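Visitor: Quick one, structure-v3.cif (mmCIF, C-alpha atoms and all ligand atoms):
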```
data_model
#
loop_
_atom_site.label_atom_id
_atom_site.label_comp_id
_atom_site.auth_asym_id
_atom_site.auth_seq_id
_atom_site.Cartn_x
_atom_site.Cartn_y
_atom_site.Cartn_z
CA MET A 309 15.94 -8.24 17.30
CA THR A 310 13.35 -7.69 20.02
CA GLN A 311 11.83 -10.64 21.85
CA PRO A 312 8.06 -10.76 22.47
CA THR A 313 7.23 -9.54 25.98
CA PRO A 314 5.53 -11.85 28.52
CA ALA A 315 2.29 -9.90 27.95
CA MET A 316 2.55 -10.57 24.21
CA ARG A 317 3.18 -14.27 24.79
CA LYS A 318 0.14 -14.44 27.02
CA ALA A 319 -2.08 -12.60 24.56
CA MET A 320 -0.86 -14.88 21.76
CA ALA A 321 -1.68 -17.99 23.76
CA SER A 322 -5.25 -16.91 24.40
CA ALA A 323 -5.95 -15.00 21.15
CA GLU A 324 -9.35 -15.41 19.58
CA VAL A 325 -8.79 -16.44 15.96
CA GLY A 326 -10.63 -17.11 12.71
CA ASP A 327 -9.79 -17.31 9.02
CA ASP A 328 -8.31 -13.95 8.08
CA VAL A 329 -8.45 -14.74 4.36
CA TYR A 330 -12.24 -14.48 4.80
CA GLY A 331 -11.80 -11.41 7.03
CA GLU A 332 -13.04 -13.47 9.96
CA ASP A 333 -10.17 -13.26 12.42
CA PRO A 334 -11.44 -11.09 15.31
CA SER A 335 -7.93 -10.35 16.60
CA VAL A 336 -6.73 -9.18 13.19
CA ASN A 337 -9.87 -7.11 12.73
CA ARG A 338 -9.40 -5.49 16.14
CA LEU A 339 -5.78 -4.64 15.31
CA GLN A 340 -6.71 -3.14 11.94
CA GLU A 341 -9.53 -1.08 13.47
CA ARG A 342 -7.26 0.20 16.22
CA ALA A 343 -4.53 1.16 13.72
CA ALA A 344 -7.05 2.98 11.50
CA GLU A 345 -8.36 4.81 14.56
CA ILE A 346 -4.91 5.89 15.78
CA PHE A 347 -3.93 7.19 12.35
CA GLY A 348 -7.34 8.64 11.50
CA ARG A 349 -7.70 6.61 8.31
CA GLU A 350 -10.62 4.82 6.71
CA ALA A 351 -8.98 1.41 6.65
CA ALA A 352 -5.95 -0.66 7.58
CA LEU A 353 -4.50 -3.99 6.50
CA PHE A 354 -2.32 -6.35 8.54
CA LEU A 355 0.54 -7.71 6.41
CA PRO A 356 3.37 -10.14 7.08
CA SER A 357 6.09 -7.54 6.46
CA GLY A 358 6.87 -3.92 5.74
CA THR A 359 8.35 -4.89 2.41
CA MET A 360 5.04 -6.38 1.28
CA ALA A 361 3.20 -3.26 2.49
CA ASN A 362 5.49 -0.88 0.57
CA GLN A 363 5.44 -2.96 -2.59
CA ILE A 364 1.66 -3.29 -2.59
CA ALA A 365 1.37 0.49 -2.28
CA ILE A 366 3.81 1.01 -5.16
CA LYS A 367 1.88 -1.47 -7.31
CA ILE A 368 -1.42 0.35 -6.70
CA TYR A 369 -0.07 3.78 -7.64
CA THR A 370 2.03 2.90 -10.68
CA LYS A 371 1.90 1.41 -14.16
CA PRO A 372 4.82 -0.47 -15.73
CA GLY A 373 7.42 1.92 -17.12
CA GLN A 374 6.71 4.69 -14.63
CA GLU A 375 9.07 6.17 -12.03
CA VAL A 376 9.02 6.40 -8.25
CA VAL A 377 10.94 9.31 -6.73
CA CYS A 378 12.61 8.37 -3.45
CA GLU A 379 15.75 9.18 -1.49
CA GLU A 380 18.90 7.38 -2.62
CA ARG A 381 19.13 5.28 0.56
CA ALA A 382 15.39 4.55 0.78
CA HIS A 383 14.45 1.04 1.88
CA VAL A 384 12.01 0.70 -1.06
CA TYR A 385 14.95 1.23 -3.42
CA THR A 386 17.96 -0.33 -1.68
CA SER A 387 16.56 -3.14 0.42
CA GLU A 388 13.51 -4.66 -1.22
CA LEU A 389 15.42 -6.76 -3.77
CA GLY A 390 14.41 -4.77 -6.82
CA MET A 391 10.77 -5.64 -6.22
CA MET A 392 9.44 -2.34 -7.58
CA ALA A 393 10.89 -3.42 -10.93
CA VAL A 394 9.88 -7.07 -10.59
CA PHE A 395 6.35 -6.62 -9.30
CA SER A 396 5.31 -3.20 -10.60
CA GLY A 397 7.61 -2.92 -13.62
CA CYS A 398 8.63 0.56 -12.58
CA MET A 399 11.90 2.30 -11.86
CA ALA A 400 13.19 4.11 -8.84
CA HIS A 401 14.29 7.66 -9.48
CA PRO A 402 16.60 8.13 -6.50
CA VAL A 403 17.40 11.62 -5.23
CA TRP A 404 20.27 12.29 -2.84
CA SER A 405 19.75 14.33 0.27
CA GLU A 406 22.49 14.95 2.82
CA ASP A 407 20.39 13.99 5.85
CA GLY A 408 18.08 11.56 4.06
CA ILE A 409 15.18 14.01 4.27
CA LEU A 410 13.76 15.11 0.91
CA THR A 411 12.23 18.51 0.25
CA TRP A 412 9.92 19.59 -2.53
CA ASN A 413 12.79 21.69 -3.92
CA ALA A 414 14.86 18.53 -4.32
CA ILE A 415 11.98 16.45 -5.68
CA GLU A 416 10.38 18.84 -8.17
CA PRO A 417 13.20 19.03 -10.75
CA GLN A 418 13.24 15.21 -10.85
CA ILE A 419 9.59 14.85 -11.75
CA ARG A 420 9.00 13.71 -15.30
CA SER A 421 5.76 14.01 -17.16
CA THR A 422 4.71 11.23 -19.45
CA SER A 423 5.99 11.91 -22.95
CA GLY A 424 7.51 10.12 -25.90
CA LYS A 425 10.68 9.69 -23.88
CA TYR A 426 9.54 9.24 -20.28
CA GLY A 427 7.22 6.85 -18.53
CA GLY A 428 6.44 9.66 -16.13
CA THR A 429 6.61 10.02 -12.36
CA SER A 430 3.65 8.36 -10.72
CA LEU A 431 4.64 8.26 -7.06
CA VAL A 432 6.81 9.94 -4.44
CA SER A 433 7.88 7.69 -1.58
CA ILE A 434 9.33 9.17 1.60
CA GLU A 435 10.73 7.38 4.65
CA ASN A 436 10.23 8.56 8.24
CA THR A 437 12.47 7.97 10.08
CA ALA A 438 15.12 7.74 7.36
CA ASN A 439 16.80 4.52 8.38
CA PHE A 440 20.14 4.49 6.55
CA ALA A 441 20.59 8.23 6.96
CA GLY A 442 20.80 7.67 10.71
CA GLY A 443 17.17 7.73 11.83
CA THR A 444 16.59 11.34 10.79
CA VAL A 445 13.09 12.78 10.90
CA TYR A 446 10.58 14.53 8.64
CA THR A 447 8.61 17.10 10.64
CA VAL A 448 4.87 17.63 10.20
CA SER A 449 5.47 20.64 7.94
CA ALA A 450 8.20 18.93 5.90
CA THR A 451 5.83 16.02 5.26
CA SER A 452 2.79 18.16 4.49
CA ASP A 453 4.73 20.46 2.18
CA ILE A 454 5.81 17.56 -0.03
CA CYS A 455 2.36 15.99 -0.03
CA ILE A 456 0.46 19.17 -0.84
CA LYS A 457 2.80 20.17 -3.67
CA ALA A 458 2.90 16.63 -5.08
CA ARG A 459 -0.90 16.56 -5.04
CA GLN A 460 -0.99 19.79 -7.07
CA ARG A 461 1.01 17.89 -9.70
CA GLY A 462 -1.33 14.89 -9.47
CA ILE A 463 1.29 12.68 -7.82
CA PRO A 464 0.42 10.65 -4.71
CA VAL A 465 2.83 10.27 -1.76
CA HIS A 466 3.40 6.99 0.05
CA LEU A 467 5.09 7.05 3.44
CA ASP A 468 7.37 4.21 4.48
CA GLY A 469 6.80 4.81 8.16
CA ALA A 470 8.44 1.64 9.43
CA ARG A 471 9.58 3.79 12.40
CA ILE A 472 6.93 6.51 12.32
CA PHE A 473 6.32 6.17 16.07
CA ASN A 474 9.98 7.03 16.70
CA ALA A 475 9.57 10.17 14.59
CA ALA A 476 6.34 11.18 16.35
CA CYS A 477 7.99 10.59 19.73
CA VAL A 478 10.95 12.88 19.10
CA LEU A 479 8.73 15.57 17.55
CA GLY A 480 6.19 15.33 20.36
CA VAL A 481 3.26 15.00 17.93
CA ASN A 482 0.56 12.41 17.17
CA VAL A 483 1.26 9.97 14.37
CA SER A 484 -2.06 11.03 12.83
CA ASP A 485 -0.96 14.69 12.59
CA LEU A 486 2.43 13.67 11.27
CA THR A 487 1.02 11.50 8.50
CA GLN A 488 -2.36 13.03 7.65
CA GLU A 489 -1.39 14.53 4.29
CA THR A 490 0.14 11.34 2.87
CA ASP A 491 -2.01 9.24 0.55
CA SER A 492 -0.98 5.98 2.20
CA LEU A 493 1.47 4.78 4.79
CA MET A 494 3.02 1.69 6.28
CA PHE A 495 4.37 1.14 9.78
CA SER A 496 6.10 -1.84 11.38
CA LEU A 497 4.74 -3.62 14.44
CA SER A 498 8.07 -5.40 14.63
CA LYS A 499 11.15 -3.13 14.76
CA GLY A 500 10.93 -0.68 17.64
CA LEU A 501 7.41 -1.60 18.74
CA GLY A 502 8.66 -5.11 19.49
CA ALA A 503 5.97 -7.41 18.04
CA PRO A 504 7.29 -10.71 16.64
CA ALA A 505 6.15 -9.90 13.08
CA GLY A 506 3.87 -7.80 10.95
CA SER A 507 3.24 -4.40 9.46
CA ILE A 508 0.16 -2.31 8.82
CA LEU A 509 -0.77 -0.53 5.59
CA LEU A 510 -3.20 2.40 5.87
CA GLY A 511 -5.23 4.42 3.40
CA THR A 512 -8.72 4.89 1.99
CA ALA A 513 -11.19 1.99 2.06
CA GLU A 514 -10.84 1.68 -1.71
CA PHE A 515 -7.02 1.57 -1.52
CA ILE A 516 -7.10 -1.07 1.22
CA ALA A 517 -9.58 -3.21 -0.73
CA GLU A 518 -7.12 -3.25 -3.61
CA ALA A 519 -4.26 -3.93 -1.22
CA ARG A 520 -6.12 -6.93 0.23
CA HIS A 521 -6.41 -8.40 -3.27
CA LEU A 522 -2.67 -7.92 -3.94
CA LYS A 523 -1.77 -9.39 -0.54
CA LYS A 524 -3.54 -12.61 -1.52
CA MET A 525 -1.88 -12.62 -4.96
CA LEU A 526 1.53 -12.41 -3.30
CA GLY A 527 0.74 -15.37 -1.08
CA GLY A 528 0.35 -13.12 1.95
CA GLY A 529 -3.04 -14.52 2.96
CA MET A 530 -2.55 -15.99 6.42
CA ARG A 531 -5.31 -18.01 8.06
CA GLN A 532 -5.55 -18.06 11.88
CA VAL A 533 -3.10 -15.19 12.15
CA GLY A 534 -4.78 -13.52 15.10
CA ILE A 535 -2.03 -15.16 17.13
CA LEU A 536 0.36 -12.60 15.66
CA ALA A 537 -2.15 -9.76 15.61
CA ALA A 538 -2.73 -10.18 19.36
CA ALA A 539 0.95 -9.44 19.98
CA GLY A 540 0.77 -6.61 17.46
CA LEU A 541 -2.10 -4.97 19.30
CA ILE A 542 -0.11 -4.89 22.51
CA ALA A 543 2.89 -3.48 20.63
CA LEU A 544 0.70 -0.77 19.10
CA ASN A 545 -0.99 0.21 22.35
CA GLU A 546 1.94 -0.04 24.75
CA ALA A 547 5.27 0.32 22.98
CA PRO A 548 5.15 3.93 21.67
CA LYS A 549 5.43 5.35 25.18
CA GLY A 550 8.74 3.53 25.75
CA LEU A 551 10.52 4.83 22.67
CA GLU A 552 11.99 7.91 24.34
CA LEU A 553 14.28 5.60 26.34
CA ASP A 554 15.63 4.05 23.14
CA HIS A 555 16.37 7.55 21.84
CA GLU A 556 18.21 8.51 25.03
CA ASN A 557 20.27 5.34 24.76
CA ALA A 558 21.15 6.05 21.13
CA ARG A 559 22.24 9.59 22.06
CA LEU A 560 24.36 8.12 24.83
CA ILE A 561 26.13 5.92 22.28
CA ALA A 562 26.55 8.84 19.88
CA GLU A 563 28.11 10.98 22.60
CA GLY A 564 30.37 8.10 23.62
CA LEU A 565 31.69 7.78 20.09
CA ALA A 566 31.89 11.50 19.30
CA GLU A 567 35.50 12.00 20.41
CA LEU A 568 36.84 9.00 18.48
CA SER A 569 38.86 10.44 15.63
CA SER A 570 38.70 7.26 13.56
CA VAL A 571 34.96 7.45 12.96
CA HIS A 572 32.20 9.93 12.40
CA LEU A 573 28.43 9.81 12.58
CA VAL A 574 26.54 10.38 9.32
CA SER A 575 23.93 12.53 11.04
CA LYS A 576 22.92 14.00 14.37
CA VAL A 577 21.31 11.21 16.40
CA VAL A 578 17.70 12.06 17.22
CA THR A 579 15.97 8.65 17.31
CA ASN A 580 17.14 5.08 17.93
CA ILE A 581 19.62 4.70 15.06
CA VAL A 582 23.32 5.51 15.00
CA VAL A 583 25.09 5.21 11.64
CA VAL A 584 28.84 5.23 12.06
CA GLU A 585 31.30 5.80 9.22
CA VAL A 586 34.64 4.06 9.66
CA SER A 587 36.46 5.74 6.79
CA ASP A 588 39.59 6.48 8.80
CA THR A 589 40.21 3.00 10.15
CA ARG A 590 41.33 1.50 6.80
CA LEU A 591 39.12 -1.49 7.53
CA ASP A 592 35.83 -2.06 5.84
CA SER A 593 32.65 -2.05 7.86
CA LYS A 594 32.10 -5.80 7.51
CA GLU A 595 35.40 -6.44 9.24
CA VAL A 596 34.59 -3.91 11.96
CA VAL A 597 31.16 -5.47 12.48
CA SER A 598 32.62 -8.95 12.74
CA ARG A 599 35.14 -7.77 15.35
CA LEU A 600 32.35 -6.04 17.26
CA ALA A 601 30.26 -9.23 17.20
CA THR A 602 33.17 -11.22 18.62
CA ALA A 603 33.43 -8.61 21.38
CA GLY A 604 29.68 -8.80 22.12
CA VAL A 605 28.14 -5.85 20.23
CA LEU A 606 25.74 -6.54 17.37
CA ALA A 607 25.81 -4.06 14.49
CA ASN A 608 24.88 -4.09 10.81
CA PRO A 609 27.19 -3.11 7.95
CA ILE A 610 25.12 -0.87 5.65
CA ASN A 611 27.80 -0.31 3.01
CA ALA A 612 31.58 -0.79 2.76
CA ARG A 613 32.24 2.22 4.98
CA ALA A 614 29.38 2.46 7.45
CA PHE A 615 27.68 0.34 10.06
CA ARG A 616 24.44 0.82 11.93
CA LEU A 617 23.64 0.48 15.63
CA VAL A 618 20.00 0.36 16.72
CA THR A 619 18.76 0.66 20.28
CA HIS A 620 15.53 -1.06 21.30
CA ARG A 621 13.44 -2.14 24.27
CA ASP A 622 15.67 -5.14 25.05
CA VAL A 623 18.86 -3.12 25.52
CA SER A 624 19.27 -1.10 28.69
CA ARG A 625 21.24 2.03 29.42
CA ALA A 626 23.90 -0.14 31.09
CA ASP A 627 24.08 -2.31 27.96
CA CYS A 628 24.64 0.80 25.87
CA GLU A 629 27.37 2.10 28.19
CA GLN A 630 29.07 -1.27 27.90
CA ALA A 631 28.66 -1.20 24.11
CA VAL A 632 30.38 2.19 23.91
CA LYS A 633 33.37 0.82 25.84
CA ILE A 634 33.62 -2.18 23.54
CA ILE A 635 33.26 -0.13 20.34
CA ARG A 636 35.90 2.36 21.50
CA HIS A 637 38.24 -0.51 22.33
CA VAL A 638 37.69 -2.35 19.04
CA LEU A 639 38.06 0.82 16.94
CA SER A 640 41.19 2.03 18.70
CA SER A 641 42.92 -1.36 18.45
CA GLN A 642 42.07 -1.29 14.74
CA LEU A 643 43.79 2.03 14.39
CA ASP A 644 46.86 0.60 16.07
CA ALA A 645 46.76 -2.41 13.75
CA ALA A 646 46.46 -0.17 10.71
CA THR A 647 49.41 2.07 11.51
C1 LIG A 701 12.52 -2.84 8.04
C2 LIG A 701 12.09 -1.77 7.12
C3 LIG A 701 11.17 -2.01 6.11
C4 LIG A 701 10.64 -3.40 5.77
O1 LIG A 701 10.11 -4.11 6.78
P1 LIG A 701 10.20 -5.73 6.79
O2 LIG A 701 9.13 -6.07 7.74
O3 LIG A 701 11.57 -6.07 7.25
O4 LIG A 701 9.93 -6.21 5.40
C5 LIG A 701 10.78 -0.97 5.31
N1 LIG A 701 11.26 0.27 5.51
C6 LIG A 701 12.14 0.56 6.46
C7 LIG A 701 12.61 1.95 6.62
C8 LIG A 701 12.61 -0.46 7.29
O5 LIG A 701 13.51 -0.17 8.23
#
```
Can you dump the structure from the file as structure tokens?

Guide:
Amino acid sequence: MTQPTPAMRKAMASAEVGDDVYGEDPSVNRLQERAAEIFGREAALFLPSGTMANQIAIKIYTKPGQEVVCEERAHVYTSELGMMAVFSGCMAHPVWSEDGILTWNAIEPQIRSTSGKYGGTSLVSIENTANFAGGTVYTVSATSDICIKARQRGIPVHLDGARIFNAACVLGVNVSDLTQETDSLMFSLSKGLGAPAGSILLGTAEFIAEARHLKKMLGGGMRQVGILAAAGLIALNEAPKGLELDHENARLIAEGLAELSSVHLVSKVVTNIVVVEVSDTRLDSKEVVSRLATAGVLANPINARAFRLVTHRDVSRADCEQAVKIIRHVLSSQLDAAT
């Protein structure tokens, strides 16, 4: 939902470009080098979307018939249109966790070795922050513990870090420390960092070479795409330091909704996402979201009972205070209507 900043627009207008399919776009190369440097990885690849980044990673680690362990609300499972089945021919093995954060104790019993009956588990995919669980966070030790124990079983771990900078911000750690044990990771330049488009996939040089091949196969080869990378570089360098404000604003919304008896929050709000369950209003979340939109607050229904609010650089504290008033009003008039 973010709009490119004036600095991004300016950088886009004057970006040096070349043919990125030949690896000759200097702006893309600069962005990839900077991302690899920040995360302490051998190589990085600029991709049109986070979905493409996740699905390329899954393809590299799996063979058809194998399983990917992930949380039940994981984006790779719920929101990528079944692509792990379509593209990689593998199945998600979803595991429920109350706060969206998996532990090795929850994962281990679900791991299947290859046998006459099972294709076998070939990948664990974790998501930090856990979007649909309310922007909850894996700590450094929670991440490392899963990675180290998975490695002992010969299973790689991919991190869907669409919002990894939000997680690092609230934990007060570097993204490189937070992600160092994972085999590969993806983060979004769009979303909270505010670039108009694009995601970055990171891993070993060998992994990224394979990823580059799959990107082209999927039709993701983009020619003079330094125009987008130039905005992405500004997002990567500048935006992380502003995320704390988004988190404060999300907490403000959470506190403003806490006393409403008709709703509850699915988790404690620690980053920029508030997931609200409307189970007591007798209206489904689509209806609530449409009434909120009419009243001037944009939200997303994430299932029949819950909707999601996300704060970002283009909404101010005053906007969030106003949103709380509107949400309270809409939800209390719904209660009246229902009784
Ligand atoms: C948005 C998102 C993605 C996918 O990114 P797109 O660029 O929209 O394809 C993946 N994972 C999570 C957690 C996301 O929120």

Visitor: Find the residues near ligand LIG 701 (chain A). Use a cut-off of 8 Å, count only C-alpha atoms and all ligand atoms, and write them as an MDAnalysis selection string.

Guide: chainID A and resid 356:362 382:384 387:388 435:440 468:471 496 498:499 505:507

Visitor: Using only C-alpha atoms, determine which residues lie at most 10 Å from Ala323 (chain A), disregarding the query and same-chain residues fewer than 5 positions distant; provide the list as a list in words.

Guide: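 Listing them by chain and then by number gives Arg317, Lys318, Asp333, Pro334, Ser335, Val336, Gln532, Val533, Gly534, Ile535, Leu536, Ala537, Ala538 and Ala539 of chain A.
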
Visitor: Determine the axis-aligned bounding box of all atoms of region 541-549 of chain A present in the file, pad each side by 5 Å, and express its centre and edge lengths in Å to one decimal place as lines of an AutoDock Vina configuration file.

Guide:
```
center_x = 1.7
center_y = 0.2
center_z = 22.1
size_x = 17.5
size_y = 20.3
size_z = 16.1
```

Visitor: Extract, using all atoms listed in the file, all DNA, RNA and protein residues at most 8 Å from region 600-617 of chain A, discarding same-chain residues fewer than 6 positions from it, and format them as JSON, numbers by chain.

Guide: {"A": [440, 442, 581, 582, 583, 584, 585, 586, 587, 592, 593, 594, 631, 634, 635, 638]}

Visitor: Can you work out the spacing between CA of Thr411 (chain A) and CA of Val578 (chain A) in Å, to one decimal?

Guide: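 So the two atoms, CA of Thr411 (chain A) and CA of Val578 (chain A), lie 19.0 Å apart.
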
Visitor: Between A:Leu410, A:Ala566, A:Met316, A:Leu553, single out the one closest to Ile454 (chain A), counting only C-alpha atoms.

Guide: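 Using only C-alpha atoms, the shortest distance to Ile454 (chain A) belongs to A:Leu410.
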
Visitor: If I take CA of Arg621 (chain A) and CA of Phe495 (chain A), how far is one from the other in Å, to one decimal?

Guide: 17.4 Å

Visitor: Taking only C-alpha atoms into account, which of A:Ala458, A:Pro417, A:Leu541, A:Tyr446 comes nearest Glu341 (chain A)?

Guide: A:Leu541

Visitor: Could you tell me which of A:Leu510, A:Val481, A:Leu467, A:Ile542 comes closest to Pro314 (chain A) if we count all atoms listed in the file?

Guide: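 Checking each of A:Leu510, A:Val481, A:Leu467, A:Ile542 against Pro314 (chain A), counting all atoms listed in the file, the winner is A:Ile542.
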
Visitor: Quick one: pull the distance between CA of Arg636 (chain A) and CA of Thr579 (chain A), Å, one decimal.

Guide: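 Going from CA of Arg636 (chain A) over to CA of Thr579 (chain A), I get 21.3 Å.
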
Visitor: Using all atoms listed in the file for the distances, tell me which of A:Asn482, A:Asn474, A:Ile409, A:Val376 is nearest to Gly427 (chain A).

Guide: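 Of the candidates, the smallest distance to Gly427 (chain A) is held by A:Val376.
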
Visitor: With a distance cut-off of 9 Å and all atoms listed in the file, select the neighbouring residues of Lys576 (chain A), excluding the residue or stretch itself and same-chain residues fewer than 3 positions from it, and output the selection as an MDAnalysis selection string.

Guide: chainID A and resid 407 442:444 559 562 573 582

Visitor: Can you tell me which residues surround Asp453 (chain A) at a distance of at most 12 Å, considering only C-alpha atoms, apart from same-chain residues fewer than 2 positions away, and format the answer as a PyMOL selection string?

Guide: chain A and resi 410-413+415-416+446-451+455-460+465+486-490

Visitor: Quick one: of A:Leu544, A:Ala393, A:Val377, A:Val632, who's nearest to Val483 (chain A), counting only C-alpha atoms?

Guide: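 Nearest candidate to Val483 (chain A) out of A:Leu544, A:Ala393, A:Val377, A:Val632: A:Leu544.
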
Visitor: Just give me the residues with any atom within 10 Å of (-1.9, -0.6, 9.1), file coordinates, counting all atoms listed in the file, written as a PyMOL selection string.

Guide: chain A and resi 339-344+346-347+349+351-355+358+361+492-497+506-511+516

Visitor: Which residue is closest to Glu552 (chain A)? Choose from A:Asn580, A:Gln311, A:Ser598, A:Ser575 and count all atoms listed in the file.

Guide: A:Asn580

Visitor: Do a neighbour search on Val329 (chain A) at 8 Å with all atoms listed in the file, toss out local chain neighbours closer than 5 positions, and write the hits as an MDAnalysis selection string.

Guide: chainID A and resid 524 529:531

Visitor: Emit the selected residues as a short mmCIF file (atom, residue, chain, number, x, y, z; two decimals), in the frame of the given file, including C-alpha atoms.

Guide:
```cif
data_model
loop_
_atom_site.label_atom_id
_atom_site.label_comp_id
_atom_site.auth_asym_id
_atom_site.auth_seq_id
_atom_site.Cartn_x
_atom_site.Cartn_y
_atom_site.Cartn_z
CA LYS A 524 -3.54 -12.61 -1.52
CA GLY A 529 -3.04 -14.52 2.96
CA MET A 530 -2.55 -15.99 6.42
CA ARG A 531 -5.31 -18.01 8.06
#
```
